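**Student:** Data: structure10.pdb, PDB, C-alpha atoms.
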ATOM      1  CA  MET A  81     -36.655  70.174 141.727
ATOM      2  CA  LYS A  82     -35.787  73.321 143.673
ATOM      3  CA  ILE A  83     -32.435  73.539 141.939
ATOM      4  CA  LEU A  84     -34.081  73.333 138.526
ATOM      5  CA  THR A  85     -36.521  76.096 139.465
ATOM      6  CA  ILE A  86     -33.707  78.297 140.736
ATOM      7  CA  LEU A  87     -31.722  77.703 137.545
ATOM      8  CA  LEU A  88     -34.713  78.608 135.391
ATOM      9  CA  VAL A  89     -35.275  81.787 137.376
ATOM     10  CA  CYS A  90     -31.600  82.691 137.014
ATOM     11  CA  ILE A  91     -31.405  81.881 133.297
ATOM     12  CA  THR A  92     -34.570  83.736 132.281
ATOM     13  CA  PRO A  93     -33.271  87.253 133.049
ATOM     14  CA  VAL A  94     -30.123  86.472 131.061
ATOM     15  CA  LEU A  95     -32.230  85.790 127.957
ATOM     16  CA  ALA A  96     -34.373  88.883 128.582
ATOM     17  CA  ASP A  97     -33.421  92.170 126.911
ATOM     18  CA  ASP A  98     -34.340  95.810 127.152
ATOM     19  CA  PHE A  99     -35.016  97.714 123.928
ATOM     20  CA  LYS A 100     -35.548 101.403 123.369
ATOM     21  CA  THR A 101     -36.867 102.647 120.036
ATOM     22  CA  VAL A 102     -35.589 105.762 118.305
ATOM     23  CA  ASN A 103     -38.865 107.440 119.347
ATOM     24  CA  GLY A 104     -38.148 106.711 123.011
ATOM     25  CA  LYS A 105     -40.572 103.827 123.646
ATOM     26  CA  GLU A 106     -39.034 101.266 125.998
ATOM     27  CA  TYR A 107     -39.505  97.515 126.082
ATOM     28  CA  LYS A 108     -38.169  96.145 129.365
ATOM     29  CA  ASN A 109     -37.420  92.527 130.232
ATOM     30  CA  VAL A 110     -38.560  91.098 126.901
ATOM     31  CA  THR A 111     -37.330  88.121 124.927
ATOM     32  CA  VAL A 112     -36.918  88.024 121.181
ATOM     33  CA  SER A 113     -39.018  85.154 119.918
ATOM     34  CA  ARG A 114     -38.567  85.608 116.189
ATOM     35  CA  VAL A 115     -36.513  87.657 113.759
ATOM     36  CA  GLU A 116     -38.296  88.581 110.567
ATOM     37  CA  ALA A 117     -37.104  90.437 107.482
ATOM     38  CA  ASP A 118     -38.590  93.743 108.621
ATOM     39  CA  GLY A 119     -38.356  93.513 112.415
ATOM     40  CA  ILE A 120     -38.267  91.425 115.571
ATOM     41  CA  VAL A 121     -41.116  89.836 117.492
ATOM     42  CA  ILE A 122     -40.716  90.260 121.239
ATOM     43  CA  LYS A 123     -42.558  88.785 124.203
ATOM     44  CA  GLY A 124     -42.898  90.316 127.613
ATOM     45  CA  LYS A 125     -45.334  90.811 130.467
ATOM     46  CA  SER A 126     -47.622  92.944 128.322
ATOM     47  CA  GLY A 127     -47.813  90.337 125.553
ATOM     48  CA  ILE A 128     -46.370  89.817 122.085
ATOM     49  CA  SER A 129     -45.286  92.797 119.966
ATOM     50  CA  LYS A 130     -43.492  93.367 116.718
ATOM     51  CA  VAL A 131     -40.892  96.097 116.580
ATOM     52  CA  TYR A 132     -39.765  97.128 113.113
ATOM     53  CA  PHE A 133     -36.060  97.586 112.437
ATOM     54  CA  VAL A 134     -36.599 101.176 111.303
ATOM     55  CA  GLU A 135     -37.804 101.933 114.856
ATOM     56  CA  LEU A 136     -34.689 100.454 116.487
ATOM     57  CA  PRO A 137     -31.259 102.026 116.925
ATOM     58  CA  LYS A 138     -28.405 101.013 114.603
ATOM     59  CA  ASP A 139     -26.668  98.812 117.213
ATOM     60  CA  VAL A 140     -29.812  96.689 117.656
ATOM     61  CA  GLN A 141     -30.283  96.526 113.889
ATOM     62  CA  GLU A 142     -26.719  95.263 113.477
ATOM     63  CA  ARG A 143     -27.141  92.760 116.308
ATOM     64  CA  PHE A 144     -29.941  91.090 114.342
ATOM     65  CA  HIS A 145     -28.172  91.551 110.989
ATOM     66  CA  TYR A 146     -30.683  93.987 109.504
ATOM     67  CA  GLY A 147     -29.635  95.207 106.070
ATOM     68  CA  SER A 148     -26.818  92.678 105.673
ATOM     69  CA  ALA A 149     -26.351  90.661 102.529
ATOM     70  CA  THR A 150     -27.227  87.424 104.332
ATOM     71  CA  PRO A 151     -30.851  86.738 105.205
ATOM     72  CA  THR A 152     -31.490  87.147 108.928
ATOM     73  CA  GLY A 153     -34.473  84.927 109.388
ATOM     74  CA  LYS A 154     -33.496  81.294 109.605
ATOM     75  CA  ALA A 155     -30.088  81.378 111.324
ATOM     76  CA  VAL A 156     -31.058  83.890 113.985
ATOM     77  CA  THR A 157     -34.446  82.283 114.582
ATOM     78  CA  GLN A 158     -32.797  78.888 115.040
ATOM     79  CA  ARG A 159     -30.387  80.422 117.553
ATOM     80  CA  ILE A 160     -33.251  82.010 119.479
ATOM     81  CA  ASP A 161     -35.343  78.820 119.369
ATOM     82  CA  LYS A 162     -32.369  76.876 120.704
ATOM     83  CA  ALA A 163     -31.968  79.345 123.579
ATOM     84  CA  GLU A 164     -35.678  79.171 124.374
ATOM     85  CA  SER A 165     -35.700  75.382 124.359
ATOM     86  CA  THR A 166     -33.287  75.383 127.310
ATOM     87  CA  THR A 167     -35.869  77.152 129.467
ATOM     88  CA  HIS A 168     -38.714  74.593 129.057
ATOM     89  CA  ALA A 169     -41.060  77.464 128.137
ATOM     90  CA  THR A 170     -41.163  76.501 124.467
ATOM     91  CA  PRO A 171     -44.358  74.361 124.638
ATOM     92  CA  PHE A 172     -46.266  77.257 126.197
ATOM     93  CA  VAL A 173     -44.778  79.820 123.834
ATOM     94  CA  SER A 174     -45.446  77.545 120.885
ATOM     95  CA  ALA A 175     -49.048  77.045 122.005
ATOM     96  CA  ALA A 176     -49.441  80.780 122.511
ATOM     97  CA  ASP A 177     -48.071  81.457 119.021
ATOM     98  CA  ARG A 178     -50.431  78.890 117.509
ATOM     99  CA  PHE A 179     -53.385  80.373 119.374
ATOM    100  CA  ALA A 180     -52.429  83.913 118.343
ATOM    101  CA  SER A 181     -52.154  82.897 114.690
ATOM    102  CA  PHE A 182     -55.496  81.028 114.928
ATOM    103  CA  VAL A 183     -57.209  84.105 116.373
ATOM    104  CA  ASP A 184     -55.579  86.307 113.724
ATOM    105  CA  LYS A 185     -56.818  83.973 110.973
ATOM    106  CA  LYS A 186     -60.368  83.940 112.362
ATOM    107  CA  LEU A 187     -60.412  87.744 112.655
ATOM    108  CA  ASP A 188     -59.234  88.058 109.055
ATOM    109  CA  GLU A 189     -61.974  85.630 107.961
ATOM    110  CA  ARG A 190     -64.658  87.591 109.800
ATOM    111  CA  GLU A 191     -63.400  90.872 108.395
ATOM    112  CA  SER A 192     -63.522  89.482 104.859
ATOM    113  CA  ILE A 193     -67.066  88.209 105.480
ATOM    114  CA  LEU A 194     -68.145  91.652 106.714
ATOM    115  CA  LYS A 195     -66.596  93.315 103.680
ATOM    116  CA  GLY A 196     -68.305  90.826 101.347
ATOM    117  CA  LYS A 197     -65.029  89.377 100.060
ATOM    118  CA  HIS A 198     -65.508  85.930 101.574
ATOM    119  CA  THR A 199     -65.935  82.964  99.242
ATOM    120  CA  PRO A 200     -67.893  80.252 101.068
ATOM    121  CA  GLY A 201     -66.557  76.707 100.988
ATOM    122  CA  SER A 202     -68.515  73.595 100.031
ATOM    123  CA  ALA A 203     -69.760  72.955 103.573
ATOM    124  CA  GLU A 204     -70.954  76.543 103.920
ATOM    125  CA  LEU A 205     -72.704  76.365 100.549
ATOM    126  CA  MET A 206     -74.467  73.167 101.597
ATOM    127  CA  VAL A 207     -75.692  74.812 104.812
ATOM    128  CA  ILE A 208     -76.870  77.878 102.887
ATOM    129  CA  ARG A 209     -78.769  75.688 100.404
ATOM    130  CA  GLU A 210     -80.375  73.701 103.214
ATOM    131  CA  PHE A 211     -81.352  76.901 105.023
ATOM    132  CA  ASN A 212     -82.860  78.324 101.832
ATOM    133  CA  PHE A 213     -84.807  75.086 101.256
ATOM    134  CA  HIS A 214     -86.253  75.165 104.779
ATOM    135  CA  TRP A 215     -87.108  78.840 104.434
ATOM    136  CA  ALA A 216     -88.889  78.226 101.116
ATOM    137  CA  PHE A 217     -90.729  75.196 102.553
ATOM    138  CA  LEU A 218     -91.958  77.194 105.546
ATOM    139  CA  ALA A 219     -92.984  80.120 103.339
ATOM    140  CA  GLY A 220     -94.921  77.773 101.027
ATOM    141  CA  THR A 221     -96.590  76.076 103.984
ATOM    142  CA  ALA A 222     -97.632  79.452 105.384
ATOM    143  CA  ILE A 223     -99.155  80.489 102.053
ATOM    144  CA  VAL A 224    -101.095  77.220 101.725
ATOM    145  CA  ALA A 225    -102.306  77.537 105.335
ATOM    146  CA  ALA A 226    -103.454  81.132 104.722
ATOM    147  CA  VAL A 227    -105.380  80.132 101.580
ATOM    148  CA  LEU A 228    -107.055  77.181 103.336
ATOM    149  CA  PHE A 229    -107.964  79.398 106.290
ATOM    150  CA  ALA A 230    -109.519  81.966 103.928
ATOM    151  CA  ILE A 231    -111.592  79.248 102.182
ATOM    152  CA  VAL A 232    -112.804  77.725 105.451
ATOM    153  CA  TRP A 233    -113.570  81.164 106.890
ATOM    154  CA  ARG A 234    -115.600  82.162 103.807
ATOM    155  CA  ARG A 235    -117.646  78.936 103.934
ATOM    156  CA  PHE A 236    -118.194  79.397 107.646
ATOM    157  CA  LYS A 237    -119.498  82.938 107.066
ATOM    158  CA  GLN A 238    -121.771  81.730 104.222
ATOM    159  CA  GLN A 239    -123.272  79.045 106.446
ATOM    160  CA  ALA A 240    -123.767  81.544 109.236
ATOM    161  CA  MET A 241    -125.544  83.931 106.801
ATOM    162  CA  THR A 242    -127.846  81.177 105.525
ATOM    163  CA  ARG A 243    -128.770  80.166 109.093
ATOM    164  CA  THR A 244    -129.641  83.711 110.079
ATOM    165  CA  LYS A 245    -131.906  84.157 106.982
ATOM    166  CA  SER A 246    -133.883  81.021 107.680
TER     167      SER A 246
END
Would you kindly transcribe this structure into structure tokens?
**Tutor:**
Amino acid sequence: MKILTILLVCITPVLADDFKTVNGKEYKNVTVSRVEADGIVIKGKSGISKVYFVELPKDVQERFHYGSATPTGKAVTQRIDKAESTTHATPFVSAADRFASFVDKKLDERESILKGKHTPGSAELMVIREFNFHWAFLAGTAIVAAVLFAIVWRRFKQQAMTRTKS
């Protein structure tokens, strides 16, 4: 078990890279998790970031085949996934990616709701209808109760007036 841990510690820095953008921003000890058409997604201590190819020097762009006639995505991503699978970190990274995409989806949903662009689904419509029904029922009950109270109060006052006159 110790040997496996030592090997993992030794292999991890080999897969890690340092990147410096043309603007001077440095990414140290990061791993490339995905290559996309417009940039690379890197992971490091500070989290997950996307660096666009236009921000990277030409040598890094060429390394990931940016601007070539062949699409970069699938072949390079498969190579990176294969390298990551040797370090047993893939389940965690995969779970982190799934969680990040879930959070991103939920934030987009909430933003669309706030902007009024959200179309509710059938379950949401059913809840809204039920809520509206309960609201209308309570409002109707309150009105009926107020009318009955007014009638009883008026009769009570009339009886009190007749008792004081006699």
**Student:** Apply the PyMOL selection byres ((chain A and resi 137) around 10) to the structure shown and report the selected residues as a CSV table (one decimal) with C-alpha atoms, in the frame of the given file.
**Tutor:**
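This went into result22.csv:
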chain,number,residue,atom,x,y,z
A,99,PHE,CA,-35.0,97.7,123.9
A,100,LYS,CA,-35.5,101.4,123.4
A,101,THR,CA,-36.9,102.6,120.0
A,102,VAL,CA,-35.6,105.8,118.3
A,103,ASN,CA,-38.9,107.4,119.3
A,133,PHE,CA,-36.1,97.6,112.4
A,134,VAL,CA,-36.6,101.2,111.3
A,135,GLU,CA,-37.8,101.9,114.9
A,136,LEU,CA,-34.7,100.5,116.5
A,138,LYS,CA,-28.4,101.0,114.6
A,139,ASP,CA,-26.7,98.8,117.2
A,140,VAL,CA,-29.8,96.7,117.7
A,141,GLN,CA,-30.3,96.5,113.9
A,142,GLU,CA,-26.7,95.3,113.5
**Student:** Report, in Å with one decimal, the straight-line distance from CA of Ser181 in chain A to CA of Lys197 in chain A.
**Tutor:**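 It comes out at 20.5 Å.
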**Student:** If you measure from CA of Thr111 in chain A to CA of His145 in chain A, what distance in Å do you get, rounded to one decimal?
**Tutor:**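 Those two atoms sit 17.0 Å apart.
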**Student:** Quick check, in Å to one decimal: how far apart do CA of Glu106 in chain A and CA of Gly119 in chain A lie?
**Tutor:**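 Atom-to-atom, CA of Glu106 in chain A and CA of Gly119 in chain A are spaced 15.7 Å apart.
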**Student:** With the file shown as input, list the residues that the PyMOL selection byres ((chain A and resi 113) around 7) selects, as a list in words.
**Tutor:**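 Against this file, the PyMOL selection byres ((chain A and resi 113) around 7) returns the residues Thr111, Val112, Arg114, Val121, Ile122, Lys123 and Ile160 of chain A.
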**Student:** Deliver the residues from the most recent selection as a file, using C-alpha atoms, as an mmCIF file, keeping the file's coordinate frame.
**Tutor:**
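The result, stored in result.cif:
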data_model
loop_
_atom_site.group_PDB
_atom_site.id
_atom_site.type_symbol
_atom_site.label_atom_id
_atom_site.label_comp_id
_atom_site.auth_asym_id
_atom_site.auth_seq_id
_atom_site.Cartn_x
_atom_site.Cartn_y
_atom_site.Cartn_z
ATOM 1 C CA THR A 111 -37.330 88.121 124.927
ATOM 2 C CA VAL A 112 -36.918 88.024 121.181
ATOM 3 C CA ARG A 114 -38.567 85.608 116.189
ATOM 4 C CA VAL A 121 -41.116 89.836 117.492
ATOM 5 C CA ILE A 122 -40.716 90.260 121.239
ATOM 6 C CA LYS A 123 -42.558 88.785 124.203
ATOM 7 C CA ILE A 160 -33.251 82.010 119.479
#
**Student:** Counting all atoms listed in the file, which of A:Ala219, A:Val131, A:Glu204, A:Ile120 gets nearest to Lys105 in chain A?
**Tutor:**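 Using all atoms listed in the file, Lys105 in chain A sits closest to A:Val131.
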**Student:** Determine the residue membership of the PyMOL selection byres ((chain A and resi 98) around 6) for the file above and supply it as a short mmCIF file (atom, residue, chain, number, x, y, z; two decimals) with C-alpha atoms, in the coordinates of the input.
**Tutor:**
data_model
loop_
_atom_site.label_atom_id
_atom_site.label_comp_id
_atom_site.auth_asym_id
_atom_site.auth_seq_id
_atom_site.Cartn_x
_atom_site.Cartn_y
_atom_site.Cartn_z
CA ASP A 97 -33.42 92.17 126.91
CA PHE A 99 -35.02 97.71 123.93
CA TYR A 107 -39.51 97.52 126.08
CA LYS A 108 -38.17 96.14 129.36
CA ASN A 109 -37.42 92.53 130.23
#
